[in-house]
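Visitor: So that you have it, the file is upload.txt, and it contains compact mmCIF, C-alpha atoms and all ligand atoms:
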```
# COMPACT_ATOMS: atom_id res chain seq x y z
CA PRO A 1440 29.98 57.59 2.30
CA LEU A 1441 27.41 55.17 3.69
CA VAL A 1442 27.70 52.02 1.57
CA THR A 1443 26.50 48.43 1.47
CA THR A 1444 29.00 45.62 1.99
CA LYS A 1445 28.75 44.46 -1.65
CA GLU A 1446 31.90 46.14 -2.98
CA MET A 1447 33.73 45.84 0.34
CA PHE A 1448 33.30 42.06 0.35
CA LYS A 1449 34.15 41.66 -3.34
CA LYS A 1450 37.48 43.42 -2.79
CA ALA A 1451 38.11 41.64 0.51
CA TYR A 1452 37.42 38.26 -1.08
CA GLU A 1453 39.80 38.90 -3.93
CA GLY A 1454 42.42 40.45 -1.66
CA GLY A 1455 42.31 37.70 0.97
CA TYR A 1456 41.61 40.11 3.82
CA ALA A 1457 38.56 40.81 5.98
CA VAL A 1458 36.57 43.89 6.95
CA GLY A 1459 36.04 44.42 10.66
CA ALA A 1460 32.48 44.63 11.99
CA PHE A 1461 32.55 46.38 15.33
CA ASN A 1462 29.57 46.67 17.67
CA VAL A 1463 28.56 50.20 18.57
CA ASN A 1464 26.58 51.36 21.59
CA ASN A 1465 27.54 54.97 22.25
CA MET A 1466 29.42 58.02 20.99
CA GLU A 1467 32.85 57.15 22.35
CA ILE A 1468 32.81 53.70 20.76
CA ILE A 1469 31.78 55.09 17.37
CA GLN A 1470 34.39 57.85 17.53
CA GLY A 1471 37.17 55.46 18.50
CA ILE A 1472 36.37 53.01 15.69
CA VAL A 1473 35.96 55.65 13.02
CA LYS A 1474 39.18 57.43 13.95
CA ALA A 1475 41.10 54.17 13.56
CA ALA A 1476 39.42 53.38 10.22
CA ALA A 1477 40.10 56.88 8.88
CA GLU A 1478 43.73 56.84 9.92
CA THR A 1479 44.37 53.45 8.33
CA LYS A 1480 42.20 54.19 5.26
CA SER A 1481 40.14 51.10 5.95
CA PRO A 1482 36.52 50.30 5.14
CA VAL A 1483 34.53 49.53 8.26
CA ILE A 1484 31.22 48.01 9.33
CA LEU A 1485 29.45 49.56 12.31
CA GLN A 1486 27.01 47.04 13.69
CA VAL A 1487 24.09 47.60 15.98
CA SER A 1488 22.48 44.82 18.03
CA ALA A 1489 18.91 44.79 19.33
CA GLY A 1490 20.43 45.50 22.74
CA ALA A 1491 22.30 48.51 21.37
CA ARG A 1492 19.10 49.89 19.84
CA LYS A 1493 17.38 49.48 23.15
CA TYR A 1494 20.27 51.05 25.12
CA ALA A 1495 20.97 54.11 22.99
CA SER A 1496 17.66 54.34 21.08
CA PRO A 1497 17.72 53.88 17.30
CA VAL A 1498 17.71 57.58 16.47
CA TYR A 1499 20.78 58.39 18.59
CA LEU A 1500 22.87 55.65 17.01
CA LYS A 1501 21.73 56.65 13.52
CA LYS A 1502 22.60 60.29 14.13
CA LEU A 1503 26.00 59.41 15.62
CA VAL A 1504 26.82 57.38 12.51
CA GLU A 1505 25.67 60.29 10.35
CA ALA A 1506 28.03 62.54 12.30
CA ALA A 1507 30.90 60.12 11.62
CA LEU A 1508 30.06 60.25 7.91
CA ILE A 1509 30.06 64.03 7.93
CA GLU A 1510 33.41 64.08 9.67
CA HIS A 1511 34.88 61.46 7.32
CA PRO A 1512 33.16 61.66 3.92
CA GLU A 1513 36.08 59.73 2.37
CA LEU A 1514 35.42 56.67 4.51
CA ASP A 1515 33.38 53.63 3.39
CA ILE A 1516 31.07 52.82 6.29
CA ALA A 1517 28.36 50.15 6.28
CA LEU A 1518 25.62 50.33 8.90
CA HIS A 1519 24.58 46.81 9.83
CA LEU A 1520 22.01 45.18 12.11
CA ASP A 1521 23.74 42.49 14.18
CA HIS A 1522 21.71 39.34 15.01
CA GLY A 1523 18.27 40.46 13.88
CA GLU A 1524 15.99 37.85 15.39
CA ASP A 1525 12.84 38.38 13.35
CA PHE A 1526 11.48 40.00 10.20
CA GLU A 1527 10.17 43.05 12.11
CA ILE A 1528 13.53 44.26 13.44
CA CYS A 1529 15.14 43.74 10.01
CA LYS A 1530 12.34 45.73 8.38
CA ALA A 1531 12.67 48.51 10.96
CA CYS A 1532 16.40 48.83 10.31
CA ILE A 1533 15.97 48.72 6.53
CA ASP A 1534 13.31 51.44 6.79
CA ASP A 1535 15.71 53.40 9.06
CA GLY A 1536 18.46 53.52 6.42
CA PHE A 1537 20.71 50.62 7.42
CA THR A 1538 22.66 49.32 4.42
CA SER A 1539 22.92 45.76 5.71
CA VAL A 1540 20.95 43.53 8.07
CA MET A 1541 21.59 40.18 9.64
CA ILE A 1542 18.69 37.80 10.02
CA ASP A 1543 19.78 35.21 12.54
CA GLY A 1544 17.57 32.18 12.07
CA SER A 1545 20.24 29.83 13.37
CA HIS A 1546 18.09 28.85 16.34
CA LEU A 1547 15.24 27.75 14.05
CA SER A 1548 14.77 24.51 12.16
CA TYR A 1549 16.53 24.44 8.79
CA GLU A 1550 13.35 24.97 6.77
CA GLU A 1551 12.20 27.80 9.05
CA ASN A 1552 15.60 29.46 8.76
CA VAL A 1553 15.37 29.25 4.95
CA ALA A 1554 11.85 30.70 4.92
CA LEU A 1555 12.61 33.58 7.32
CA THR A 1556 15.87 34.49 5.58
CA LYS A 1557 14.09 34.49 2.22
CA GLN A 1558 11.40 36.79 3.57
CA VAL A 1559 14.03 39.30 4.73
CA VAL A 1560 15.94 39.08 1.43
CA GLU A 1561 12.71 39.78 -0.48
CA TYR A 1562 12.15 42.94 1.55
CA ALA A 1563 15.79 44.07 1.60
CA HIS A 1564 16.95 43.62 -1.98
CA PRO A 1565 14.44 45.88 -3.77
CA ARG A 1566 15.46 48.56 -1.25
CA GLY A 1567 19.17 48.21 -1.96
CA VAL A 1568 20.00 46.53 1.34
CA VAL A 1569 22.12 43.39 1.68
CA VAL A 1570 21.40 40.47 3.99
CA GLU A 1571 23.65 38.33 6.19
CA ALA A 1572 22.20 35.02 7.36
CA GLU A 1573 23.49 32.37 9.75
CA LEU A 1574 23.63 28.62 9.46
CA GLY A 1575 24.91 26.42 12.26
CA ARG A 1576 24.96 27.32 15.92
CA LEU A 1577 27.71 29.10 17.83
CA ALA A 1578 28.28 28.35 21.50
CA GLY A 1579 28.21 31.23 23.95
CA VAL A 1580 25.93 34.00 25.12
CA GLU A 1581 24.20 36.24 22.65
CA ASP A 1582 21.57 38.56 24.02
CA ALA A 1583 19.34 36.45 26.24
CA VAL A 1584 19.96 33.14 24.51
CA ASN A 1585 22.61 30.99 26.11
CA VAL A 1586 23.60 28.25 23.70
CA SER A 1587 25.57 25.60 25.55
CA ALA A 1588 28.62 24.08 23.91
CA GLU A 1589 26.77 20.81 23.34
CA ASP A 1590 23.95 22.50 21.47
CA ALA A 1591 26.35 24.32 19.21
CA THR A 1592 26.43 22.74 15.77
CA TYR A 1593 29.05 23.40 13.17
CA THR A 1594 27.84 24.48 9.74
CA ASP A 1595 27.25 21.61 7.34
CA PRO A 1596 29.01 22.44 4.04
CA ASP A 1597 26.43 20.82 1.72
CA GLN A 1598 23.57 22.43 3.62
CA ALA A 1599 25.33 25.80 3.25
CA VAL A 1600 25.28 25.45 -0.55
CA ASP A 1601 21.57 24.67 -0.53
CA PHE A 1602 20.86 27.48 1.95
CA VAL A 1603 22.60 30.18 -0.07
CA LYS A 1604 20.94 29.04 -3.29
CA ARG A 1605 17.45 28.95 -1.82
CA THR A 1606 17.56 32.14 0.25
CA GLY A 1607 19.52 34.52 -2.00
CA CYS A 1608 21.35 35.90 1.05
CA ASP A 1609 24.43 38.04 0.36
CA SER A 1610 26.74 36.62 3.03
CA LEU A 1611 26.65 33.75 5.48
CA ALA A 1612 27.79 33.49 9.08
CA ILE A 1613 29.13 30.03 9.78
CA ALA A 1614 29.87 28.06 12.94
CA ILE A 1615 33.38 26.58 12.94
CA GLY A 1616 34.30 26.76 16.61
CA THR A 1617 34.27 30.44 17.52
CA SER A 1618 31.77 31.66 20.09
CA HIS A 1619 30.49 34.90 21.57
CA GLY A 1620 31.86 36.49 24.71
CA ALA A 1621 35.10 36.32 26.69
CA TYR A 1622 35.12 32.59 27.48
CA LYS A 1623 35.50 30.86 24.14
CA PHE A 1624 37.82 28.04 25.07
CA ALA A 1625 38.67 26.23 28.30
CA ALA A 1626 41.50 27.94 30.18
CA ASP A 1627 43.81 24.93 29.89
CA SER A 1628 42.95 24.12 26.26
CA ASP A 1629 44.62 24.86 22.97
CA PRO A 1630 42.11 27.04 21.05
CA LYS A 1631 41.09 25.46 17.76
CA ILE A 1632 38.79 26.41 14.94
CA ASP A 1633 37.75 24.09 12.13
CA ILE A 1634 39.68 25.58 9.20
CA GLU A 1635 39.17 22.42 7.12
CA ARG A 1636 35.42 22.91 7.36
CA LEU A 1637 35.82 26.54 6.38
CA LYS A 1638 37.86 25.56 3.31
CA LYS A 1639 35.22 23.02 2.32
CA ILE A 1640 32.39 25.55 2.62
CA SER A 1641 34.36 28.18 0.76
CA ASN A 1642 35.27 25.78 -2.07
CA LEU A 1643 31.65 24.72 -2.49
CA ILE A 1644 30.38 28.34 -2.68
CA PRO A 1645 33.05 30.16 -4.66
CA ASP A 1646 33.14 33.96 -4.63
CA PHE A 1647 30.68 34.05 -1.75
CA PRO A 1648 31.52 36.09 1.37
CA LEU A 1649 31.52 34.22 4.68
CA VAL A 1650 31.26 35.83 8.11
CA LEU A 1651 32.95 34.93 11.37
CA HIS A 1652 31.11 35.82 14.56
CA GLY A 1653 32.62 35.51 18.01
CA ALA A 1654 36.03 36.50 16.70
CA SER A 1655 37.43 38.49 19.61
CA SER A 1656 40.86 37.42 20.79
CA VAL A 1657 40.28 38.37 24.44
CA ILE A 1658 43.66 40.05 24.68
CA PRO A 1659 45.39 39.02 27.94
CA GLU A 1660 46.74 42.54 28.54
CA TYR A 1661 43.19 43.91 28.94
CA VAL A 1662 41.87 40.96 30.91
CA ALA A 1663 44.80 41.50 33.27
CA MET A 1664 44.05 45.23 33.46
CA CYS A 1665 40.44 44.51 34.42
CA ASN A 1666 41.52 42.00 37.05
CA ALA A 1667 44.30 44.22 38.45
CA PHE A 1668 41.80 46.96 39.23
CA GLY A 1669 38.97 45.10 40.89
CA GLY A 1670 37.61 43.04 38.00
CA ASP A 1671 36.82 39.36 38.14
CA LEU A 1672 37.34 37.79 34.72
CA LYS A 1673 38.91 34.49 35.51
CA ASP A 1674 39.90 32.09 32.73
CA ALA A 1675 38.80 34.36 29.89
CA LYS A 1676 40.13 33.04 26.58
CA GLY A 1677 39.60 34.08 22.98
CA CYS A 1678 40.36 33.24 19.40
CA PRO A 1679 44.09 33.58 18.56
CA GLU A 1680 44.67 36.30 16.01
CA PRO A 1681 46.72 34.18 13.56
CA MET A 1682 43.67 31.92 13.13
CA LEU A 1683 41.60 34.89 12.02
CA ARG A 1684 44.22 35.93 9.51
CA GLU A 1685 44.14 32.40 8.14
CA ALA A 1686 40.33 32.41 7.94
CA ALA A 1687 40.49 35.59 5.87
CA GLN A 1688 42.37 33.60 3.20
CA TYR A 1689 39.41 31.25 2.76
CA GLY A 1690 36.43 33.41 1.96
CA VAL A 1691 35.87 35.08 5.34
CA CYS A 1692 35.21 38.73 4.44
CA LYS A 1693 33.64 39.98 7.69
CA ILE A 1694 35.02 39.44 11.17
CA ASN A 1695 32.84 40.45 14.13
CA ILE A 1696 34.49 42.00 17.16
CA ASP A 1697 32.71 43.22 20.25
CA SER A 1698 34.20 41.62 23.37
CA ASP A 1699 37.71 42.99 22.69
CA LEU A 1700 36.27 46.52 22.61
CA ARG A 1701 34.35 45.91 25.81
CA LEU A 1702 37.43 44.59 27.59
CA ALA A 1703 39.63 47.48 26.46
CA MET A 1704 37.07 50.06 27.49
CA THR A 1705 36.38 48.41 30.85
CA GLY A 1706 40.06 47.82 31.66
CA VAL A 1707 40.95 51.43 31.05
CA ILE A 1708 37.99 52.80 33.02
CA ARG A 1709 38.76 50.51 35.95
CA LYS A 1710 42.36 51.75 35.91
CA GLU A 1711 41.32 55.40 35.73
CA PHE A 1712 38.96 54.94 38.66
CA ALA A 1713 41.61 53.20 40.74
CA GLU A 1714 44.38 55.67 39.96
CA ASN A 1715 42.37 58.87 40.16
CA PRO A 1716 39.86 58.32 42.95
CA SER A 1717 39.15 62.02 43.38
CA ASN A 1718 38.15 62.51 39.76
CA PHE A 1719 34.45 62.74 39.00
CA ASP A 1720 34.57 64.22 35.51
CA PRO A 1721 33.27 61.52 33.11
CA ARG A 1722 35.39 62.92 30.28
CA LYS A 1723 38.51 61.98 32.21
CA TYR A 1724 37.69 58.28 32.00
CA LEU A 1725 35.52 58.13 28.87
CA GLY A 1726 38.27 59.94 26.93
CA PRO A 1727 40.92 57.32 27.74
CA ALA A 1728 38.30 54.60 27.07
CA ARG A 1729 37.71 56.09 23.63
CA ASP A 1730 41.48 56.10 23.04
CA ALA A 1731 41.57 52.42 24.00
CA ILE A 1732 38.83 51.61 21.46
CA TYR A 1733 40.81 53.50 18.83
CA GLY A 1734 44.00 51.60 19.70
CA MET A 1735 42.24 48.24 19.66
CA VAL A 1736 40.55 48.83 16.29
CA LYS A 1737 43.76 50.12 14.75
CA HIS A 1738 45.56 47.00 15.98
CA LYS A 1739 42.85 44.79 14.47
CA ILE A 1740 42.92 46.57 11.13
CA LEU A 1741 46.71 46.53 10.80
CA ASN A 1742 47.57 43.19 12.40
CA VAL A 1743 44.54 40.95 12.03
CA LEU A 1744 42.16 42.10 9.29
CA GLY A 1745 44.57 43.55 6.74
CA SER A 1746 41.92 46.03 5.55
CA ASN A 1747 44.19 49.10 5.72
CA GLU A 1748 44.72 51.13 2.53
CA LYS A 1749 41.80 49.30 0.87
O1 LIG A 1801 26.84 38.92 19.50
C1 LIG A 1801 26.49 39.83 20.22
C2 LIG A 1801 27.24 41.11 20.28
O2 LIG A 1801 28.40 40.98 21.07
C3 LIG A 1801 26.33 42.18 20.76
O3 LIG A 1801 26.01 41.99 22.09
O4 LIG A 1801 23.53 41.84 22.11
O5 LIG A 1801 24.82 42.44 24.20
O6 LIG A 1801 24.63 44.07 22.30
P1 LIG A 1801 24.66 42.63 22.72
P1 LIG A 1802 32.85 38.57 20.24
O1 LIG A 1802 32.04 38.34 21.47
O2 LIG A 1802 33.87 37.50 20.04
O3 LIG A 1802 33.45 39.92 20.18
O4 LIG A 1802 31.84 38.43 18.98
C1 LIG A 1802 31.04 39.51 18.59
C2 LIG A 1802 29.98 39.12 17.59
O5 LIG A 1802 29.99 38.09 16.97
C3 LIG A 1802 28.91 40.10 17.38
O6 LIG A 1802 27.95 39.61 16.50
NA NA A 1803 26.46 40.33 12.11
ZN ZN A 1804 27.60 37.53 16.61
```
Rewrite the coordinates I just gave you, this time as structure tokens.

Guide:
Amino acid sequence: PLVTTKEMFKKAYEGGYAVGAFNVNNMEIIQGIVKAAAETKSPVILQVSAGARKYASPVYLKKLVEAALIEHPELDIALHLDHGEDFEICKACIDDGFTSVMIDGSHLSYEENVALTKQVVEYAHPRGVVVEAELGRLAGVEDAVNVSAEDATYTDPDQAVDFVKRTGCDSLAIAIGTSHGAYKFAADSDPKIDIERLKKISNLIPDFPLVLHGASSVIPEYVAMCNAFGGDLKDAKGCPEPMLREAAQYGVCKINIDSDLRLAMTGVIRKEFAENPSNFDPRKYLGPARDAIYGMVKHKILNVLGSNEK
């Protein structure tokens, strides 16, 4: 059924695993994710960005998710707004039947972030919808905003305590060194995230679900596949999967993955185009792309998130 993340996160917190939140933009992506979740008996969060709503139109995405629920009534699926930038888009998604929304006030001043998050919580909670907020700034590209590495600020643990208390948000996205997109760390660097900071935050806010954005691993196999068939993704580097497993031990209940799906889909389509130049039936490349999404999500559930059989 369509559920909120309340129970999902409670169980994930206690079990030391995380639930995957995968970005959805079209039918093949939704089908691939849901097939993997069903097969592994895993809860799943389907998240929709403002860009996804614009691309597919809200009603198409909503109806595709409804189709997934009809096909898999046994599955716990949360429908979540990713990076809502203002009250209006959160309200629209709540009114549309989303079970969870993110209000991303991380670009605002602290007091403005508190006020905006509180406003969304006050609208969401009476309607049975949960709210994810964000404190601290991730580096990387999200929608049109390009936050440079220098402007990225890690989440302050004491401020996080105050923020959660004052806003009443249900989960909190924190900045500890991950970033959006396929270029998270310098090509010659050893990727690092601030696990000590995560532990501190988690200890100060016990039993509270934390969220990790920018958690794709940028799997070399798919970067290489893109590049082997005409792509140009030089020096792409992601978050090593063992780090994510470790984060799930310290209160991280939701792990956001989009770039890894994009890379898998693009790599496979590039390969299909190169190897079958006479084909012009979209099903012949969108089908394999859907299979690649399925394979990637299954890998994440079994080897990174640990949400199978939950
Ligand atoms: O954090 C952003 C997600 O990867 C969604 O990206 O805004 O281009 O849909 P998008
Ligand atoms: P990636 O770009 O690492 O997949 O992060 C996705 C994300 O955080 C969506 O909100
Ligand atoms: Na989110
Ligand atoms: Zn994000």

Visitor: With 10 Å as the threshold, what does the neighbourhood of (16.3, 31.1, 5.8) contain in terms of residues, counting all atoms listed in the file? Coordinates are those of the file; answer as a ChimeraX atom specification.

Guide: /A:1542-1545,1547-1560,1572-1574,1602-1603,1605-1608

Visitor: Pick out the closest residue to Val1487 of chain A from this set: A:Met1447, A:Ala1728, A:Ile1740, A:Ala1517. Count only C-alpha atoms.

Guide: A:Ala1517

Visitor: As a list in words, please: the residues near Glu1478 of chain A (cut-off 12 Å, all atoms listed in the file, same-chain neighbours under 5 positions excluded).

Guide: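 Using all atoms listed in the file, the neighbours found are Gly1471, Ile1472, Val1473, Val1483, His1511, Glu1513, Leu1514, Tyr1733, Gly1734, Val1736, Lys1737, His1738, Ile1740, Leu1741, Ser1746, Asn1747, Glu1748 and Lys1749 of chain A.
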
Visitor: Expressed in Å to a single decimal, how great is the separation between atom CA of Phe1461 of chain A and atom CA of Lys1530 of chain A?

Guide: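 Atom-to-atom, atom CA of Phe1461 of chain A and atom CA of Lys1530 of chain A are spaced 21.4 Å apart.
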
Visitor: Could I get the residue neighbourhood of ligand LIG 1801 (chain A) at 7 Å, counting all atoms listed in the file, as a list in words?

Guide: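 Result of the 7 Å neighbour search around ligand LIG 1801 (chain A): Asn1462, Ser1488, Ala1489, Gly1490, Ala1491, His1522, Glu1581, Asp1582, His1619, Gly1620, Gly1653, Asp1697 and Ser1698 of chain A.
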
Visitor: May I ask you to write as a VMD selection string all residues lying at most 7 Å from ligand NA 1803 (chain A), with all atoms listed in the file counted?

Guide: chain A and resid 1486 1520 to 1522 1541 1571 1652 1695

Visitor: Where's the centre, and what are the edge lengths in Å to one decimal, of a box along x, y and z enclosing all listed atoms of ligand LIG 1802 (chain A) padded 6 Å per side, as JSON?

Guide:
```
{"center_x": 30.9, "center_y": 38.8, "center_z": 19.0, "size_x": 17.9, "size_y": 14.6, "size_z": 17.0}
```

Visitor: Taking all atoms listed in the file into account, name the residue in A:Ile1708, A:Ala1495, A:Ala1578, A:Val1570 that is nearest to Phe1526 of chain A.

Guide: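 Smallest distance to Phe1526 of chain A is found for A:Val1570.
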
Visitor: Mind checking which residues fall within 9 Å of Gly1567 of chain A, counting all atoms listed in the file, ignoring those fewer than 5 positions away in the same chain, and posting them as a list of chain:residue names?

Guide: A:Thr1443, A:Thr1538, A:Ser1539

Visitor: Next, the residues of the selection above should be written as an mmCIF file, in the coordinates of the input with C-alpha atoms.

Guide:
```cif
data_model
loop_
_atom_site.group_PDB
_atom_site.id
_atom_site.type_symbol
_atom_site.label_atom_id
_atom_site.label_comp_id
_atom_site.auth_asym_id
_atom_site.auth_seq_id
_atom_site.Cartn_x
_atom_site.Cartn_y
_atom_site.Cartn_z
ATOM 1 C CA THR A 1443 26.500 48.430 1.470
ATOM 2 C CA THR A 1538 22.660 49.320 4.420
ATOM 3 C CA SER A 1539 22.920 45.760 5.710
#
```

Visitor: List the spatial neighbours of Ile1658 of chain A as a ChimeraX atom specification - criterion: any atom at most 9 Å away, all atoms listed in the file, same-chain residues fewer than 3 positions off excluded.

Guide: /A:1655,1661-1663,1676-1677,1679,1699,1702-1703

Visitor: For the contact check between segment 1447-1538 of chain A and segment 1680-1686 of chain A, emit one row per residue of segment 1447-1538 of chain A within 12 Å, containing the shortest atom pair and the distance in Å rounded to one decimal, counting all atoms listed in the file, chain then rising number order, as CSV.

Guide:
```
residue,atom,partner,partner_atom,distance
A:Tyr1452,CA,A:Ala1686,CA,11.1
A:Gly1455,CA,A:Arg1684,CA,8.9
A:Tyr1456,CA,A:Arg1684,CA,7.5
A:Ala1457,CA,A:Arg1684,CA,8.3
A:Val1458,CA,A:Arg1684,CA,11.3
A:Gly1459,CA,A:Leu1683,CA,11.1
```

Visitor: Which residue, A:Leu1503, A:Val1600, A:Ala1612, A:Leu1441, has the smallest gap to ligand ZN 1804 (chain A) when you use all atoms listed in the file?

Guide: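 Using all atoms listed in the file, ligand ZN 1804 (chain A) sits closest to A:Ala1612.
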
Visitor: Which value, in Å to one decimal, gives the distance between atom CA of Glu1561 of chain A and atom CA of Asp1646 of chain A?

Guide: 21.6 Å

Visitor: Looking at all atoms listed in the file, which of A:Pro1482, A:Leu1651, A:Lys1449, A:Glu1467 is the one that sits closest to Leu1700 of chain A?

Guide: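 Among the listed residues, A:Glu1467 lies closest to Leu1700 of chain A.
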
Visitor: Within 10 Å of Leu1637 of chain A, counting only C-alpha atoms, which residues show up once you throw out same-chain ones fewer than 4 positions away? Write them as a PDB file with C-alpha atoms, in the coordinates of the input, please.

Guide:
```
ATOM      1  CA  THR A1594      27.840  24.480   9.740  1.00  0.00           C
ATOM      2  CA  ASP A1595      27.250  21.610   7.340  1.00  0.00           C
ATOM      3  CA  PRO A1596      29.010  22.440   4.040  1.00  0.00           C
ATOM      4  CA  ILE A1613      29.130  30.030   9.780  1.00  0.00           C
ATOM      5  CA  ALA A1614      29.870  28.060  12.940  1.00  0.00           C
ATOM      6  CA  ILE A1615      33.380  26.580  12.940  1.00  0.00           C
ATOM      7  CA  ILE A1632      38.790  26.410  14.940  1.00  0.00           C
ATOM      8  CA  ASP A1633      37.750  24.090  12.130  1.00  0.00           C
ATOM      9  CA  SER A1641      34.360  28.180   0.760  1.00  0.00           C
ATOM     10  CA  ASN A1642      35.270  25.780  -2.070  1.00  0.00           C
ATOM     11  CA  LEU A1643      31.650  24.720  -2.490  1.00  0.00           C
ATOM     12  CA  LEU A1649      31.520  34.220   4.680  1.00  0.00           C
ATOM     13  CA  ALA A1686      40.330  32.410   7.940  1.00  0.00           C
ATOM     14  CA  TYR A1689      39.410  31.250   2.760  1.00  0.00           C
ATOM     15  CA  GLY A1690      36.430  33.410   1.960  1.00  0.00           C
ATOM     16  CA  VAL A1691      35.870  35.080   5.340  1.00  0.00           C
TER      17      VAL A1691
END
```

Visitor: Closest to Lys1474 of chain A among A:Leu1725, A:Ala1507, A:Ala1675, A:Ala1713, using all atoms listed in the file?

Guide: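 For Lys1474 of chain A, the nearest of the candidates is A:Ala1507.
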
Visitor: Between A:Ser1618, A:Ser1481, A:Thr1592, A:Asn1718, which is the closest to ligand ZN 1804 (chain A) once you count all atoms listed in the file?

Guide: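 Smallest separation from ligand ZN 1804 (chain A) among the options: A:Ser1618.
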
Visitor: Could you add the missing atoms to segment 1638-1657 of chain A, up to N, CA and C atoms, and return them as an mmCIF file, in the coordinates of the input?

Guide:
```
data_model
loop_
_atom_site.group_PDB
_atom_site.id
_atom_site.type_symbol
_atom_site.label_atom_id
_atom_site.label_comp_id
_atom_site.auth_asym_id
_atom_site.auth_seq_id
_atom_site.Cartn_x
_atom_site.Cartn_y
_atom_site.Cartn_z
ATOM 1 N N LYS A 1638 37.368 25.739 4.688
ATOM 2 C CA LYS A 1638 37.860 25.560 3.310
ATOM 3 C C LYS A 1638 36.827 24.828 2.459
ATOM 4 N N LYS A 1639 36.215 23.806 3.038
ATOM 5 C CA LYS A 1639 35.220 23.020 2.320
ATOM 6 C C LYS A 1639 34.032 23.905 1.927
ATOM 7 N N ILE A 1640 33.540 24.665 2.889
ATOM 8 C CA ILE A 1640 32.390 25.550 2.620
ATOM 9 C C ILE A 1640 32.764 26.553 1.530
ATOM 10 N N SER A 1641 33.929 27.140 1.692
ATOM 11 C CA SER A 1641 34.360 28.180 0.760
ATOM 12 C C SER A 1641 34.557 27.620 -0.659
ATOM 13 N N ASN A 1642 35.088 26.401 -0.753
ATOM 14 C CA ASN A 1642 35.270 25.780 -2.070
ATOM 15 C C ASN A 1642 33.944 25.459 -2.743
ATOM 16 N N LEU A 1643 32.951 25.097 -1.933
ATOM 17 C CA LEU A 1643 31.650 24.720 -2.490
ATOM 18 C C LEU A 1643 30.839 25.940 -2.924
ATOM 19 N N ILE A 1644 31.111 27.099 -2.311
ATOM 20 C CA ILE A 1644 30.380 28.340 -2.680
ATOM 21 C C ILE A 1644 31.421 29.380 -3.094
ATOM 22 N N PRO A 1645 31.981 29.234 -4.275
ATOM 23 C CA PRO A 1645 33.050 30.160 -4.660
ATOM 24 C C PRO A 1645 32.554 31.604 -4.799
ATOM 25 N N ASP A 1646 33.426 32.526 -4.527
ATOM 26 C CA ASP A 1646 33.140 33.960 -4.630
ATOM 27 C C ASP A 1646 32.032 34.433 -3.697
ATOM 28 N N PHE A 1647 31.755 33.670 -2.673
ATOM 29 C CA PHE A 1647 30.680 34.050 -1.750
ATOM 30 C C PHE A 1647 31.275 34.426 -0.387
ATOM 31 N N PRO A 1648 30.927 35.633 0.113
ATOM 32 C CA PRO A 1648 31.520 36.090 1.370
ATOM 33 C C PRO A 1648 30.978 35.364 2.605
ATOM 34 N N LEU A 1649 31.885 34.871 3.418
ATOM 35 C CA LEU A 1649 31.520 34.220 4.680
ATOM 36 C C LEU A 1649 31.829 35.173 5.831
ATOM 37 N N VAL A 1650 31.151 34.939 6.953
ATOM 38 C CA VAL A 1650 31.260 35.830 8.110
ATOM 39 C C VAL A 1650 31.644 35.020 9.335
ATOM 40 N N LEU A 1651 32.559 35.581 10.122
ATOM 41 C CA LEU A 1651 32.950 34.930 11.370
ATOM 42 C C LEU A 1651 32.482 35.764 12.557
ATOM 43 N N HIS A 1652 31.550 35.201 13.302
ATOM 44 C CA HIS A 1652 31.110 35.820 14.560
ATOM 45 C C HIS A 1652 32.012 35.317 15.687
ATOM 46 N N GLY A 1653 31.888 35.985 16.825
ATOM 47 C CA GLY A 1653 32.620 35.510 18.010
ATOM 48 C C GLY A 1653 34.107 35.482 17.787
ATOM 49 N N ALA A 1654 34.629 36.521 17.146
ATOM 50 C CA ALA A 1654 36.030 36.500 16.700
ATOM 51 C C ALA A 1654 36.958 37.371 17.553
ATOM 52 N N SER A 1655 36.525 37.736 18.742
ATOM 53 C CA SER A 1655 37.430 38.490 19.610
ATOM 54 C C SER A 1655 38.563 37.586 20.104
ATOM 55 N N SER A 1656 39.701 38.192 20.346
ATOM 56 C CA SER A 1656 40.860 37.420 20.790
ATOM 57 C C SER A 1656 41.034 37.441 22.304
ATOM 58 N N VAL A 1657 40.233 38.271 22.969
ATOM 59 C CA VAL A 1657 40.280 38.370 24.440
ATOM 60 C C VAL A 1657 41.735 38.581 24.880
#
```
